[in-house]
Amino acid sequence: MSHTTTAIRASFFDFTGVAEDPEEIMARARYIEDGVLLIEAGRVVALYAWDALAQRPDNLLDMRGKLIVPGFVDTHIHYPQTEMIGAYGEQLLEWLNQYTFPVESQYHCADHAAAMSAFFLQQLLANGTTSALVFGTVHPQSVDALFSAAETIDMRIIAGKVMMDRHAPDALLETPEQSYADTRALIERWHGRGRLSYALTPRFAPTSTSALLAKVQQLRQEFPDVWLHTHLSENPQEVAWVRSLFPQREGYLDVYHHYQLTGRRSLFAHCLHLEDHEWQCLHETDSAIAFCPTSNLFLGSGLFNLKRSWQQGVRIGIGTDVGAGTTFNMLQTLGEAYKVGQLQQYRLSAAEAFYHATLGGAHALDQHDYIGNFAPGKEADFVVIDPAVSPLQRLRIGNSQAIWERLFVLMTLGDDRNIAQTWVNGRRVWSRDAAAC
Ligand code: GUN
Ligand code: ZN
């Protein structure tokens with residue numbers, strides 16, 4: 001069967017390989033001012049400098065003036081919390097009780113879940129995010145709805161139903177046995193279907209009994225290639241509560257580690273108040289972290305120590321953590337990550353920021369063989385960025401020469417207006433111009 005090749009002419013920026021430290025990121029950065037991306041059957045065939053082409057390709061889309069980067073990877077987000085983003089006044093534990101649990105209770109209704117799944121995925125695409133690791137609610141139908149909608153668009157999504165059996169309203173609680181059975185059925189239905197994957201999703205230690213965590217462990221043993229997605233050490237009161245609930249464990253992370261829930265495909269959101277031995281455990285088990293700057297600032301949870309994650313050799317990705325996070329937009333999220341660094345004398349470069357949002361995030365999710373850059377054979381997920389869309393942006397970009405400065409201006413002043421198009425698996429699935437009609 002022959003496939004049509006699509007060629008796109010624009011500026012391109014990506015990273016040619018994963019990095020062990022910030023200096024290596026610079027070495028792996030690739031900027032092609034005038035390039036052409038060839039895609040066929042949903043995959044990247046090649047990325048060339050325009051001048052290196054022997055002949056003008058057929059099916060050429062001329063996007064000169066635009067900057068194309070790999071699709072953003074959001075490593076931690078809650079789709080059912082879309083409708084409660086920006087809830088006033090509380091920190092984590094009160095925020096969960098007052099706002100989160102009531103909203104999540106609505107997802108027993110499959111129609112509501114379907115409507116919100118469609119809305120959520122459109123928000124991701126409108127912000128240039130092509131892959132995400134997503135929390136559902138405790139209801140299996142919440143995850144059926146999300147996966148069905150993602151399958152239609154052919155997005156690379158990892159998701160799971162929340163597992164929880166205490167410290168939440170009765171309507172959101174399940175028994176460990178029910179949690180096991182529902183989760184198992186979802187894994188069998190969705191894991192590995194097209195571009196979809198399953199993540200075991202115990203909400204966090206305080207809403208889990210030992211019996212529930214033992215069921216999560218059993219599922220992980222039965223399905224060793226599924227992901228594990230949870231929260232860890234986000235808020236000081238939460239950390240103290242975990243210590244009182246699990247006095248026999250050595251700390252918060254040890255609750256998960258004891259049930260063998262650490263590992264290469266384990267993703268822990270936040271990690272703001274870790275002890276030295278917990279950093280060490282994350283490193284030794286090759287577990288990864290989702291750094292969620294807007295959420296951490298919004299809930300007053302604390303400052304993530306990015307420098308420490310490099311020193312400890314722990315992979316990290318960026319999470320928006322909507323709805324504790326305040327935007328779906330990765331450019332804005334990177335701007336907030338920069339400010340979190342500033343408060344700790346850590347200088348987050350534009351190169352490092354875009355690395356975490358693309359290939360680094362894919363690496364944190366163990367998906368870097370499929371997505372994250374323009375290497376031949378990768379799935380063609382990318383975002384077409386309009387570098388300047390307002391008088392202020394045009395003024396500021398006009399004063400910027402180097403790509404680093406232009407990227408930094410984007411993460412400081414940019415937002416969803418800068419996302420011109422989003423492509424998934426070689427197909428344009430979102431366009432700002434079409435959305436404006
Ligand atoms: N910890 C447990 N559940 C949640 C949640 O929904 N959001 C955040 N930010 N932290 C949590
Ligand atoms: Zn979260």
# chains A, B, ... in the order shown; residues from 1 in each chain; ligands from 1

call {"tool": "closest_atom_pairs", "arguments": {"of": "chain A", "to": "ligand 1", "cutoff": "8 Å", "atoms": "only C-alpha atoms and all ligand atoms", "output": "Markdown table"}}
result
| residue | atom | partner | partner_atom_place_in_ligand_line | distance |
| --- | --- | --- | --- | --- |
| A:His78 | CA | ligand 1 | 6 (O) | 6.9 |
| A:Gln81 | CA | ligand 1 | 6 (O) | 7.8 |
| A:Leu92 | CA | ligand 1 | 10 (N) | 6.3 |
| A:Leu93 | CA | ligand 1 | 1 (N) | 7.8 |
| A:Leu96 | CA | ligand 1 | 6 (O) | 6.5 |
| A:Thr100 | CA | ligand 1 | 6 (O) | 6.6 |
| A:Arg203 | CA | ligand 1 | 2 (C) | 5.4 |
| A:Phe204 | CA | ligand 1 | 2 (C) | 5.2 |
| A:Thr230 | CA | ligand 1 | 2 (C) | 7.8 |
| A:His231 | CA | ligand 1 | 1 (N) | 5.4 |
| A:Leu232 | CA | ligand 1 | 1 (N) | 7.7 |
| A:Glu234 | CA | ligand 1 | 10 (N) | 6.9 |
| A:Ala269 | CA | ligand 1 | 10 (N) | 7.9 |
| A:Ser295 | CA | ligand 1 | 9 (N) | 6.5 |
| A:Asn296 | CA | ligand 1 | 9 (N) | 7.8 |
| A:Leu299 | CA | ligand 1 | 9 (N) | 7.8 |
| A:Asp321 | CA | ligand 1 | 9 (N) | 6.3 |
| A:Gly323 | CA | ligand 1 | 7 (N) | 7.3 |
| A:Ala324 | CA | ligand 1 | 9 (N) | 5.2 |
| A:Gly325 | CA | ligand 1 | 9 (N) | 7.5 |

call {"tool": "residues_around", "arguments": {"residues": "Val226 in chain A", "least_positions_apart": "3", "cutoff": "8 Å", "atoms": "only C-alpha atoms", "output": "PyMOL selection string"}}
result
chain A and resi 191+197-200+220+223+265

call {"tool": "write_last_selection", "arguments": {"atoms": "all heavy atoms", "output": "PDB file, in the first residue's frame"}}
result
ATOM      1  N   HIS A 191      -6.105  -1.183  27.721  1.00  0.00           N
ATOM      2  CA  HIS A 191      -4.642  -1.071  27.753  1.00  0.00           C
ATOM      3  C   HIS A 191      -4.020  -1.634  26.473  1.00  0.00           C
ATOM      4  O   HIS A 191      -4.269  -2.787  26.121  1.00  0.00           O
ATOM      5  CB  HIS A 191      -4.085  -1.796  28.982  1.00  0.00           C
ATOM      6  CG  HIS A 191      -2.601  -1.653  29.126  1.00  0.00           C
ATOM      7  ND1 HIS A 191      -1.973  -0.439  29.270  1.00  0.00           N
ATOM      8  CD2 HIS A 191      -1.605  -2.585  29.123  1.00  0.00           C
ATOM      9  CE1 HIS A 191      -0.672  -0.623  29.357  1.00  0.00           C
ATOM     10  NE2 HIS A 191      -0.424  -1.908  29.277  1.00  0.00           N
ATOM     11  N   SER A 197      -3.209   3.698  26.855  1.00  0.00           N
ATOM     12  CA  SER A 197      -2.577   2.852  27.875  1.00  0.00           C
ATOM     13  C   SER A 197      -3.251   3.092  29.213  1.00  0.00           C
ATOM     14  O   SER A 197      -3.821   4.172  29.458  1.00  0.00           O
ATOM     15  CB  SER A 197      -1.091   3.177  28.014  1.00  0.00           C
ATOM     16  OG  SER A 197      -0.433   3.056  26.785  1.00  0.00           O
ATOM     17  N   TYR A 198      -3.111   2.120  30.085  1.00  0.00           N
ATOM     18  CA  TYR A 198      -3.781   2.201  31.385  1.00  0.00           C
ATOM     19  C   TYR A 198      -2.793   2.525  32.513  1.00  0.00           C
ATOM     20  O   TYR A 198      -1.682   2.011  32.549  1.00  0.00           O
ATOM     21  CB  TYR A 198      -4.510   0.899  31.725  1.00  0.00           C
ATOM     22  CG  TYR A 198      -5.538   1.134  32.805  1.00  0.00           C
ATOM     23  CD1 TYR A 198      -6.811   1.587  32.468  1.00  0.00           C
ATOM     24  CD2 TYR A 198      -5.216   1.001  34.153  1.00  0.00           C
ATOM     25  CE1 TYR A 198      -7.747   1.894  33.458  1.00  0.00           C
ATOM     26  CE2 TYR A 198      -6.140   1.290  35.144  1.00  0.00           C
ATOM     27  CZ  TYR A 198      -7.409   1.738  34.779  1.00  0.00           C
ATOM     28  OH  TYR A 198      -8.327   2.048  35.758  1.00  0.00           O
ATOM     29  N   ALA A 199      -3.244   3.357  33.450  1.00  0.00           N
ATOM     30  CA  ALA A 199      -2.473   3.651  34.666  1.00  0.00           C
ATOM     31  C   ALA A 199      -3.292   3.275  35.894  1.00  0.00           C
ATOM     32  O   ALA A 199      -4.410   3.786  36.070  1.00  0.00           O
ATOM     33  CB  ALA A 199      -2.109   5.133  34.728  1.00  0.00           C
ATOM     34  N   LEU A 200      -2.739   2.410  36.738  1.00  0.00           N
ATOM     35  CA  LEU A 200      -3.347   2.166  38.052  1.00  0.00           C
ATOM     36  C   LEU A 200      -3.310   3.489  38.807  1.00  0.00           C
ATOM     37  O   LEU A 200      -2.260   4.145  38.845  1.00  0.00           O
ATOM     38  CB  LEU A 200      -2.543   1.115  38.817  1.00  0.00           C
ATOM     39  CG  LEU A 200      -2.394  -0.239  38.113  1.00  0.00           C
ATOM     40  CD1 LEU A 200      -1.386  -1.103  38.868  1.00  0.00           C
ATOM     41  CD2 LEU A 200      -3.748  -0.930  38.026  1.00  0.00           C
ATOM     42  N   ARG A 220      -0.616  -4.784  39.618  1.00  0.00           N
ATOM     43  CA  ARG A 220       0.670  -4.468  38.983  1.00  0.00           C
ATOM     44  C   ARG A 220       1.452  -5.743  38.672  1.00  0.00           C
ATOM     45  O   ARG A 220       2.158  -5.820  37.663  1.00  0.00           O
ATOM     46  CB  ARG A 220       1.497  -3.573  39.885  1.00  0.00           C
ATOM     47  CG  ARG A 220       2.535  -2.893  39.009  1.00  0.00           C
ATOM     48  CD  ARG A 220       3.197  -1.747  39.633  1.00  0.00           C
ATOM     49  NE  ARG A 220       3.446  -0.757  38.590  1.00  0.00           N
ATOM     50  CZ  ARG A 220       4.395   0.132  38.659  1.00  0.00           C
ATOM     51  NH1 ARG A 220       5.162   0.199  39.704  1.00  0.00           N
ATOM     52  NH2 ARG A 220       4.581   0.978  37.685  1.00  0.00           N
ATOM     53  N   PHE A 223      -0.346  -7.264  35.635  1.00  0.00           N
ATOM     54  CA  PHE A 223      -0.196  -6.471  34.389  1.00  0.00           C
ATOM     55  C   PHE A 223       1.057  -5.599  34.530  1.00  0.00           C
ATOM     56  O   PHE A 223       0.958  -4.389  34.747  1.00  0.00           O
ATOM     57  CB  PHE A 223      -1.434  -5.591  34.159  1.00  0.00           C
ATOM     58  CG  PHE A 223      -2.718  -6.368  34.057  1.00  0.00           C
ATOM     59  CD1 PHE A 223      -3.539  -6.529  35.170  1.00  0.00           C
ATOM     60  CD2 PHE A 223      -3.112  -6.951  32.852  1.00  0.00           C
ATOM     61  CE1 PHE A 223      -4.730  -7.249  35.084  1.00  0.00           C
ATOM     62  CE2 PHE A 223      -4.299  -7.662  32.759  1.00  0.00           C
ATOM     63  CZ  PHE A 223      -5.107  -7.827  33.878  1.00  0.00           C
ATOM     64  N   ARG A 265       7.691   2.817  35.444  1.00  0.00           N
ATOM     65  CA  ARG A 265       6.428   3.371  34.949  1.00  0.00           C
ATOM     66  C   ARG A 265       5.565   3.929  36.076  1.00  0.00           C
ATOM     67  O   ARG A 265       4.343   3.953  35.977  1.00  0.00           O
ATOM     68  CB  ARG A 265       5.680   2.325  34.136  1.00  0.00           C
ATOM     69  CG  ARG A 265       6.346   2.095  32.791  1.00  0.00           C
ATOM     70  CD  ARG A 265       5.520   1.294  31.836  1.00  0.00           C
ATOM     71  NE  ARG A 265       6.105   1.349  30.507  1.00  0.00           N
ATOM     72  CZ  ARG A 265       5.598   0.765  29.435  1.00  0.00           C
ATOM     73  NH1 ARG A 265       4.462   0.083  29.537  1.00  0.00           N
ATOM     74  NH2 ARG A 265       6.192   0.870  28.261  1.00  0.00           N
TER      75      ARG A 265
END

call {"tool": "residues_around", "arguments": {"residues": "Ala211 in chain A", "least_positions_apart": "2", "cutoff": "10 Å", "atoms": "only C-alpha atoms", "output": "number ranges by chain"}}
result
A: 165, 175-177, 208-209, 213-217

call {"tool": "write_last_selection", "arguments": {"atoms": "all heavy atoms", "output": "PDB file, in the first residue's frame"}}
result
ATOM      1  N   ASP A 165     -10.835   3.900  48.975  1.00  0.00           N
ATOM      2  CA  ASP A 165     -11.778   3.189  49.837  1.00  0.00           C
ATOM      3  C   ASP A 165     -11.878   3.778  51.248  1.00  0.00           C
ATOM      4  O   ASP A 165     -12.397   3.118  52.145  1.00  0.00           O
ATOM      5  CB  ASP A 165     -11.432   1.685  49.885  1.00  0.00           C
ATOM      6  CG  ASP A 165     -10.147   1.384  50.620  1.00  0.00           C
ATOM      7  OD1 ASP A 165      -9.306   2.308  50.765  1.00  0.00           O
ATOM      8  OD2 ASP A 165      -9.963   0.229  51.052  1.00  0.00           O
ATOM      9  N   THR A 175     -15.128  -0.873  47.639  1.00  0.00           N
ATOM     10  CA  THR A 175     -14.360  -1.843  48.412  1.00  0.00           C
ATOM     11  C   THR A 175     -13.097  -2.188  47.613  1.00  0.00           C
ATOM     12  O   THR A 175     -13.070  -2.013  46.384  1.00  0.00           O
ATOM     13  CB  THR A 175     -15.163  -3.140  48.629  1.00  0.00           C
ATOM     14  OG1 THR A 175     -15.400  -3.715  47.333  1.00  0.00           O
ATOM     15  CG2 THR A 175     -16.485  -2.873  49.329  1.00  0.00           C
ATOM     16  N   PRO A 176     -12.076  -2.697  48.283  1.00  0.00           N
ATOM     17  CA  PRO A 176     -10.877  -3.109  47.541  1.00  0.00           C
ATOM     18  C   PRO A 176     -11.221  -4.125  46.451  1.00  0.00           C
ATOM     19  O   PRO A 176     -10.657  -4.077  45.348  1.00  0.00           O
ATOM     20  CB  PRO A 176      -9.982  -3.708  48.628  1.00  0.00           C
ATOM     21  CG  PRO A 176     -10.402  -3.033  49.894  1.00  0.00           C
ATOM     22  CD  PRO A 176     -11.880  -2.789  49.760  1.00  0.00           C
ATOM     23  N   GLU A 177     -12.160  -5.014  46.738  1.00  0.00           N
ATOM     24  CA  GLU A 177     -12.523  -6.061  45.758  1.00  0.00           C
ATOM     25  C   GLU A 177     -13.173  -5.443  44.520  1.00  0.00           C
ATOM     26  O   GLU A 177     -12.869  -5.812  43.388  1.00  0.00           O
ATOM     27  CB  GLU A 177     -13.479  -7.075  46.394  1.00  0.00           C
ATOM     28  CG  GLU A 177     -12.860  -7.947  47.483  1.00  0.00           C
ATOM     29  CD  GLU A 177     -12.524  -7.187  48.769  1.00  0.00           C
ATOM     30  OE1 GLU A 177     -13.203  -6.178  49.084  1.00  0.00           O
ATOM     31  OE2 GLU A 177     -11.563  -7.603  49.464  1.00  0.00           O
ATOM     32  N   SER A 208      -6.488   5.485  50.827  1.00  0.00           N
ATOM     33  CA  SER A 208      -6.240   4.070  50.537  1.00  0.00           C
ATOM     34  C   SER A 208      -6.015   3.308  51.837  1.00  0.00           C
ATOM     35  O   SER A 208      -5.168   3.698  52.650  1.00  0.00           O
ATOM     36  CB  SER A 208      -4.973   3.915  49.692  1.00  0.00           C
ATOM     37  OG  SER A 208      -4.964   4.793  48.595  1.00  0.00           O
ATOM     38  N   THR A 209      -6.733   2.211  52.029  1.00  0.00           N
ATOM     39  CA  THR A 209      -6.379   1.304  53.122  1.00  0.00           C
ATOM     40  C   THR A 209      -5.263   0.376  52.644  1.00  0.00           C
ATOM     41  O   THR A 209      -4.990   0.277  51.435  1.00  0.00           O
ATOM     42  CB  THR A 209      -7.574   0.433  53.538  1.00  0.00           C
ATOM     43  OG1 THR A 209      -7.925  -0.388  52.408  1.00  0.00           O
ATOM     44  CG2 THR A 209      -8.780   1.271  53.964  1.00  0.00           C
ATOM     45  N   LEU A 213      -4.296  -0.986  48.777  1.00  0.00           N
ATOM     46  CA  LEU A 213      -2.949  -0.939  48.190  1.00  0.00           C
ATOM     47  C   LEU A 213      -2.462  -2.342  47.825  1.00  0.00           C
ATOM     48  O   LEU A 213      -1.763  -2.528  46.825  1.00  0.00           O
ATOM     49  CB  LEU A 213      -1.980  -0.248  49.160  1.00  0.00           C
ATOM     50  CG  LEU A 213      -2.275   1.250  49.365  1.00  0.00           C
ATOM     51  CD1 LEU A 213      -1.479   1.813  50.541  1.00  0.00           C
ATOM     52  CD2 LEU A 213      -1.990   2.046  48.093  1.00  0.00           C
ATOM     53  N   ALA A 214      -2.877  -3.334  48.604  1.00  0.00           N
ATOM     54  CA  ALA A 214      -2.513  -4.719  48.258  1.00  0.00           C
ATOM     55  C   ALA A 214      -3.160  -5.133  46.940  1.00  0.00           C
ATOM     56  O   ALA A 214      -2.572  -5.879  46.151  1.00  0.00           O
ATOM     57  CB  ALA A 214      -2.925  -5.655  49.391  1.00  0.00           C
ATOM     58  N   LYS A 215      -4.360  -4.632  46.678  1.00  0.00           N
ATOM     59  CA  LYS A 215      -5.029  -4.923  45.390  1.00  0.00           C
ATOM     60  C   LYS A 215      -4.307  -4.221  44.232  1.00  0.00           C
ATOM     61  O   LYS A 215      -4.184  -4.765  43.129  1.00  0.00           O
ATOM     62  CB  LYS A 215      -6.495  -4.482  45.420  1.00  0.00           C
ATOM     63  CG  LYS A 215      -7.378  -5.317  46.325  1.00  0.00           C
ATOM     64  CD  LYS A 215      -7.480  -6.735  45.807  1.00  0.00           C
ATOM     65  CE  LYS A 215      -8.417  -7.578  46.656  1.00  0.00           C
ATOM     66  NZ  LYS A 215      -8.266  -9.029  46.418  1.00  0.00           N
ATOM     67  N   VAL A 216      -3.846  -3.005  44.493  1.00  0.00           N
ATOM     68  CA  VAL A 216      -3.086  -2.301  43.446  1.00  0.00           C
ATOM     69  C   VAL A 216      -1.821  -3.105  43.129  1.00  0.00           C
ATOM     70  O   VAL A 216      -1.458  -3.315  41.959  1.00  0.00           O
ATOM     71  CB  VAL A 216      -2.724  -0.860  43.874  1.00  0.00           C
ATOM     72  CG1 VAL A 216      -2.048  -0.130  42.719  1.00  0.00           C
ATOM     73  CG2 VAL A 216      -3.948  -0.086  44.347  1.00  0.00           C
ATOM     74  N   GLN A 217      -1.175  -3.563  44.181  1.00  0.00           N
ATOM     75  CA  GLN A 217       0.037  -4.365  43.995  1.00  0.00           C
ATOM     76  C   GLN A 217      -0.257  -5.629  43.180  1.00  0.00           C
ATOM     77  O   GLN A 217       0.481  -5.993  42.256  1.00  0.00           O
ATOM     78  CB  GLN A 217       0.606  -4.748  45.363  1.00  0.00           C
ATOM     79  CG  GLN A 217       1.820  -5.667  45.286  1.00  0.00           C
ATOM     80  CD  GLN A 217       2.373  -5.998  46.667  1.00  0.00           C
ATOM     81  OE1 GLN A 217       1.687  -5.846  47.685  1.00  0.00           O
ATOM     82  NE2 GLN A 217       3.609  -6.452  46.703  1.00  0.00           N
TER      83      GLN A 217
END

call {"tool": "closest_residue", "arguments": {"among": "A:Ala126, A:Leu60, A:Ala290, A:Leu212", "to": "ligand 2", "atoms": "only C-alpha atoms and all ligand atoms"}}
result
A:Ala290

call {"tool": "closest_residue", "arguments": {"among": "A:Val322, A:Leu282, A:Val44, A:Ala171", "to": "ligand 2", "atoms": "only C-alpha atoms and all ligand atoms"}}
result
A:Val322

call {"tool": "residues_around", "arguments": {"residues": "range 327-333 of chain A", "least_positions_apart": "2", "cutoff": "6 Å", "atoms": "only C-alpha atoms", "output": "short mmCIF file (atom, residue, chain, number, x, y, z; two decimals) with N, CA and C atoms, in the first residue's frame"}}
result
data_model
loop_
_atom_site.label_atom_id
_atom_site.label_comp_id
_atom_site.auth_asym_id
_atom_site.auth_seq_id
_atom_site.Cartn_x
_atom_site.Cartn_y
_atom_site.Cartn_z
N ASN A 127 -4.40 23.83 23.36
CA ASN A 127 -3.19 24.31 24.03
C ASN A 127 -1.94 23.59 23.56
N GLY A 325 -4.26 23.03 39.24
CA GLY A 325 -3.50 23.89 38.34
C GLY A 325 -4.45 24.85 37.65
N GLY A 335 6.24 29.16 32.22
CA GLY A 335 6.53 30.47 32.80
C GLY A 335 6.46 30.43 34.32
N GLU A 336 5.49 29.69 34.85
CA GLU A 336 5.37 29.56 36.31
C GLU A 336 6.48 28.69 36.87
N MET A 411 7.44 31.51 26.64
CA MET A 411 7.00 30.92 27.91
C MET A 411 6.70 31.99 28.96
N GLY A 414 3.47 33.95 26.39
CA GLY A 414 2.61 33.15 25.51
C GLY A 414 1.45 32.51 26.23
N ASP A 415 0.47 32.08 25.44
CA ASP A 415 -0.70 31.37 25.97
C ASP A 415 -1.39 30.66 24.81
#

call {"tool": "closest_residue", "arguments": {"among": "A:Gly251, A:Pro202, A:Gly194, A:Gly426", "to": "Thr5 in chain A", "atoms": "only C-alpha atoms"}}
result
A:Gly426

call {"tool": "closest_residue", "arguments": {"among": "A:Glu352, A:Ile419, A:Thr294, A:Ser233", "to": "Gly86 in chain A", "atoms": "only C-alpha atoms"}}
result
A:Thr294

call {"tool": "closest_residue", "arguments": {"among": "A:Leu219, A:Ile397, A:Cys109, A:Gln91", "to": "Pro236 in chain A", "atoms": "only C-alpha atoms"}}
result
A:Gln91

call {"tool": "atom_distance", "arguments": {"atom1": "CA of Arg43 in chain A", "atom2": "CA of Trp423 in chain A"}}
result
11.4 Å

call {"tool": "residues_around", "arguments": {"residues": "Cys271 in chain A", "least_positions_apart": "2", "cutoff": "12 Å", "atoms": "only C-alpha atoms", "output": "number ranges by chain"}}
result
A: 230-236, 238-239, 252-253, 267-269, 273-276, 278-279, 282, 287-293, 296, 301-306, 308-309, 314, 316

call {"tool": "write_last_selection", "arguments": {"atoms": "C-alpha atoms", "output": "PDB file, in the first residue's frame"}}
result
ATOM      1  CA  THR A 230      -0.636   8.879  42.187  1.00  0.00           C
ATOM      2  CA  HIS A 231       0.155  11.885  44.414  1.00  0.00           C
ATOM      3  CA  LEU A 232       3.089  12.123  46.790  1.00  0.00           C
ATOM      4  CA  SER A 233       4.189  14.626  49.415  1.00  0.00           C
ATOM      5  CA  GLU A 234       2.262  17.657  48.169  1.00  0.00           C
ATOM      6  CA  ASN A 235       1.247  19.424  51.364  1.00  0.00           C
ATOM      7  CA  PRO A 236       2.680  19.409  54.931  1.00  0.00           C
ATOM      8  CA  GLU A 238      -1.086  15.658  54.089  1.00  0.00           C
ATOM      9  CA  VAL A 239       2.412  14.327  54.874  1.00  0.00           C
ATOM     10  CA  TYR A 252       5.038   8.754  52.757  1.00  0.00           C
ATOM     11  CA  LEU A 253       6.849   7.164  49.827  1.00  0.00           C
ATOM     12  CA  LEU A 267       4.682   8.661  38.159  1.00  0.00           C
ATOM     13  CA  PHE A 268       4.353  10.602  41.415  1.00  0.00           C
ATOM     14  CA  ALA A 269       2.777  14.049  41.235  1.00  0.00           C
ATOM     15  CA  HIS A 273       8.434  17.751  50.850  1.00  0.00           C
ATOM     16  CA  LEU A 274      10.573  14.652  50.329  1.00  0.00           C
ATOM     17  CA  GLU A 275      13.113  13.352  52.832  1.00  0.00           C
ATOM     18  CA  ASP A 276      16.618  12.480  51.616  1.00  0.00           C
ATOM     19  CA  GLU A 278      12.745   9.307  49.617  1.00  0.00           C
ATOM     20  CA  TRP A 279      14.750  11.027  46.869  1.00  0.00           C
ATOM     21  CA  LEU A 282      12.862   7.420  43.711  1.00  0.00           C
ATOM     22  CA  SER A 287      10.437   6.307  39.445  1.00  0.00           C
ATOM     23  CA  ALA A 288       9.453   9.652  37.893  1.00  0.00           C
ATOM     24  CA  ILE A 289       7.932  12.918  39.132  1.00  0.00           C
ATOM     25  CA  ALA A 290       5.345  15.310  37.683  1.00  0.00           C
ATOM     26  CA  PHE A 291       6.313  18.899  38.517  1.00  0.00           C
ATOM     27  CA  CYS A 292       3.087  20.942  38.625  1.00  0.00           C
ATOM     28  CA  PRO A 293       4.034  24.594  39.155  1.00  0.00           C
ATOM     29  CA  ASN A 296       1.730  24.085  43.706  1.00  0.00           C
ATOM     30  CA  SER A 301       1.638  23.617  48.557  1.00  0.00           C
ATOM     31  CA  GLY A 302       5.318  24.495  48.194  1.00  0.00           C
ATOM     32  CA  LEU A 303       8.184  24.789  45.719  1.00  0.00           C
ATOM     33  CA  PHE A 304       9.451  21.844  43.687  1.00  0.00           C
ATOM     34  CA  ASN A 305      13.229  21.412  43.845  1.00  0.00           C
ATOM     35  CA  LEU A 306      14.159  20.924  40.197  1.00  0.00           C
ATOM     36  CA  ARG A 308      17.592  18.291  43.353  1.00  0.00           C
ATOM     37  CA  SER A 309      15.803  16.101  40.808  1.00  0.00           C
ATOM     38  CA  VAL A 314      15.158  11.335  38.893  1.00  0.00           C
ATOM     39  CA  ILE A 316      10.646  14.625  35.713  1.00  0.00           C
TER      40      ILE A 316
END

call {"tool": "decode", "arguments": {"residues": "range 4-15 of chain A", "atoms": "N, CA, C and O atoms", "output": "PDB file, in the first residue's frame"}}
result
ATOM      1  N   THR A   4       0.632   8.693   1.021  1.00  0.00           N
ATOM      2  CA  THR A   4       0.996  10.043   0.596  1.00  0.00           C
ATOM      3  C   THR A   4       1.937  10.648   1.631  1.00  0.00           C
ATOM      4  O   THR A   4       1.719  10.500   2.833  1.00  0.00           O
ATOM      5  N   THR A   5       2.960  11.324   1.139  1.00  0.00           N
ATOM      6  CA  THR A   5       3.848  12.041   2.050  1.00  0.00           C
ATOM      7  C   THR A   5       3.382  13.491   2.152  1.00  0.00           C
ATOM      8  O   THR A   5       3.088  14.118   1.139  1.00  0.00           O
ATOM      9  N   THR A   6       3.303  13.986   3.386  1.00  0.00           N
ATOM     10  CA  THR A   6       3.017  15.404   3.603  1.00  0.00           C
ATOM     11  C   THR A   6       4.332  16.083   3.973  1.00  0.00           C
ATOM     12  O   THR A   6       5.106  15.543   4.772  1.00  0.00           O
ATOM     13  N   ALA A   7       4.560  17.260   3.394  1.00  0.00           N
ATOM     14  CA  ALA A   7       5.776  18.022   3.712  1.00  0.00           C
ATOM     15  C   ALA A   7       5.350  19.378   4.274  1.00  0.00           C
ATOM     16  O   ALA A   7       4.457  20.027   3.731  1.00  0.00           O
ATOM     17  N   ILE A   8       5.990  19.774   5.372  1.00  0.00           N
ATOM     18  CA  ILE A   8       5.656  21.059   6.005  1.00  0.00           C
ATOM     19  C   ILE A   8       6.926  21.898   6.118  1.00  0.00           C
ATOM     20  O   ILE A   8       7.938  21.434   6.674  1.00  0.00           O
ATOM     21  N   ARG A   9       6.859  23.093   5.572  1.00  0.00           N
ATOM     22  CA  ARG A   9       8.008  24.003   5.647  1.00  0.00           C
ATOM     23  C   ARG A   9       7.754  25.046   6.735  1.00  0.00           C
ATOM     24  O   ARG A   9       6.727  25.738   6.722  1.00  0.00           O
ATOM     25  N   ALA A  10       8.684  25.150   7.668  1.00  0.00           N
ATOM     26  CA  ALA A  10       8.545  26.085   8.799  1.00  0.00           C
ATOM     27  C   ALA A  10       9.879  26.120   9.540  1.00  0.00           C
ATOM     28  O   ALA A  10      10.874  25.547   9.070  1.00  0.00           O
ATOM     29  N   SER A  11       9.916  26.759  10.718  1.00  0.00           N
ATOM     30  CA  SER A  11      11.052  26.617  11.636  1.00  0.00           C
ATOM     31  C   SER A  11      10.727  25.471  12.591  1.00  0.00           C
ATOM     32  O   SER A  11       9.557  25.288  12.961  1.00  0.00           O
ATOM     33  N   PHE A  12      11.757  24.733  12.988  1.00  0.00           N
ATOM     34  CA  PHE A  12      11.547  23.559  13.850  1.00  0.00           C
ATOM     35  C   PHE A  12      12.498  23.606  15.037  1.00  0.00           C
ATOM     36  O   PHE A  12      13.662  23.997  14.901  1.00  0.00           O
ATOM     37  N   PHE A  13      11.978  23.148  16.182  1.00  0.00           N
ATOM     38  CA  PHE A  13      12.819  23.057  17.379  1.00  0.00           C
ATOM     39  C   PHE A  13      12.483  21.761  18.106  1.00  0.00           C
ATOM     40  O   PHE A  13      11.305  21.472  18.364  1.00  0.00           O
ATOM     41  N   ASP A  14      13.516  20.976  18.409  1.00  0.00           N
ATOM     42  CA  ASP A  14      13.296  19.767  19.229  1.00  0.00           C
ATOM     43  C   ASP A  14      14.608  19.356  19.890  1.00  0.00           C
ATOM     44  O   ASP A  14      15.606  20.078  19.819  1.00  0.00           O
ATOM     45  N   PHE A  15      14.598  18.218  20.543  1.00  0.00           N
ATOM     46  CA  PHE A  15      15.795  17.668  21.186  1.00  0.00           C
ATOM     47  C   PHE A  15      16.033  16.284  20.603  1.00  0.00           C
ATOM     48  O   PHE A  15      15.107  15.474  20.508  1.00  0.00           O
TER      49      PHE A  15
END
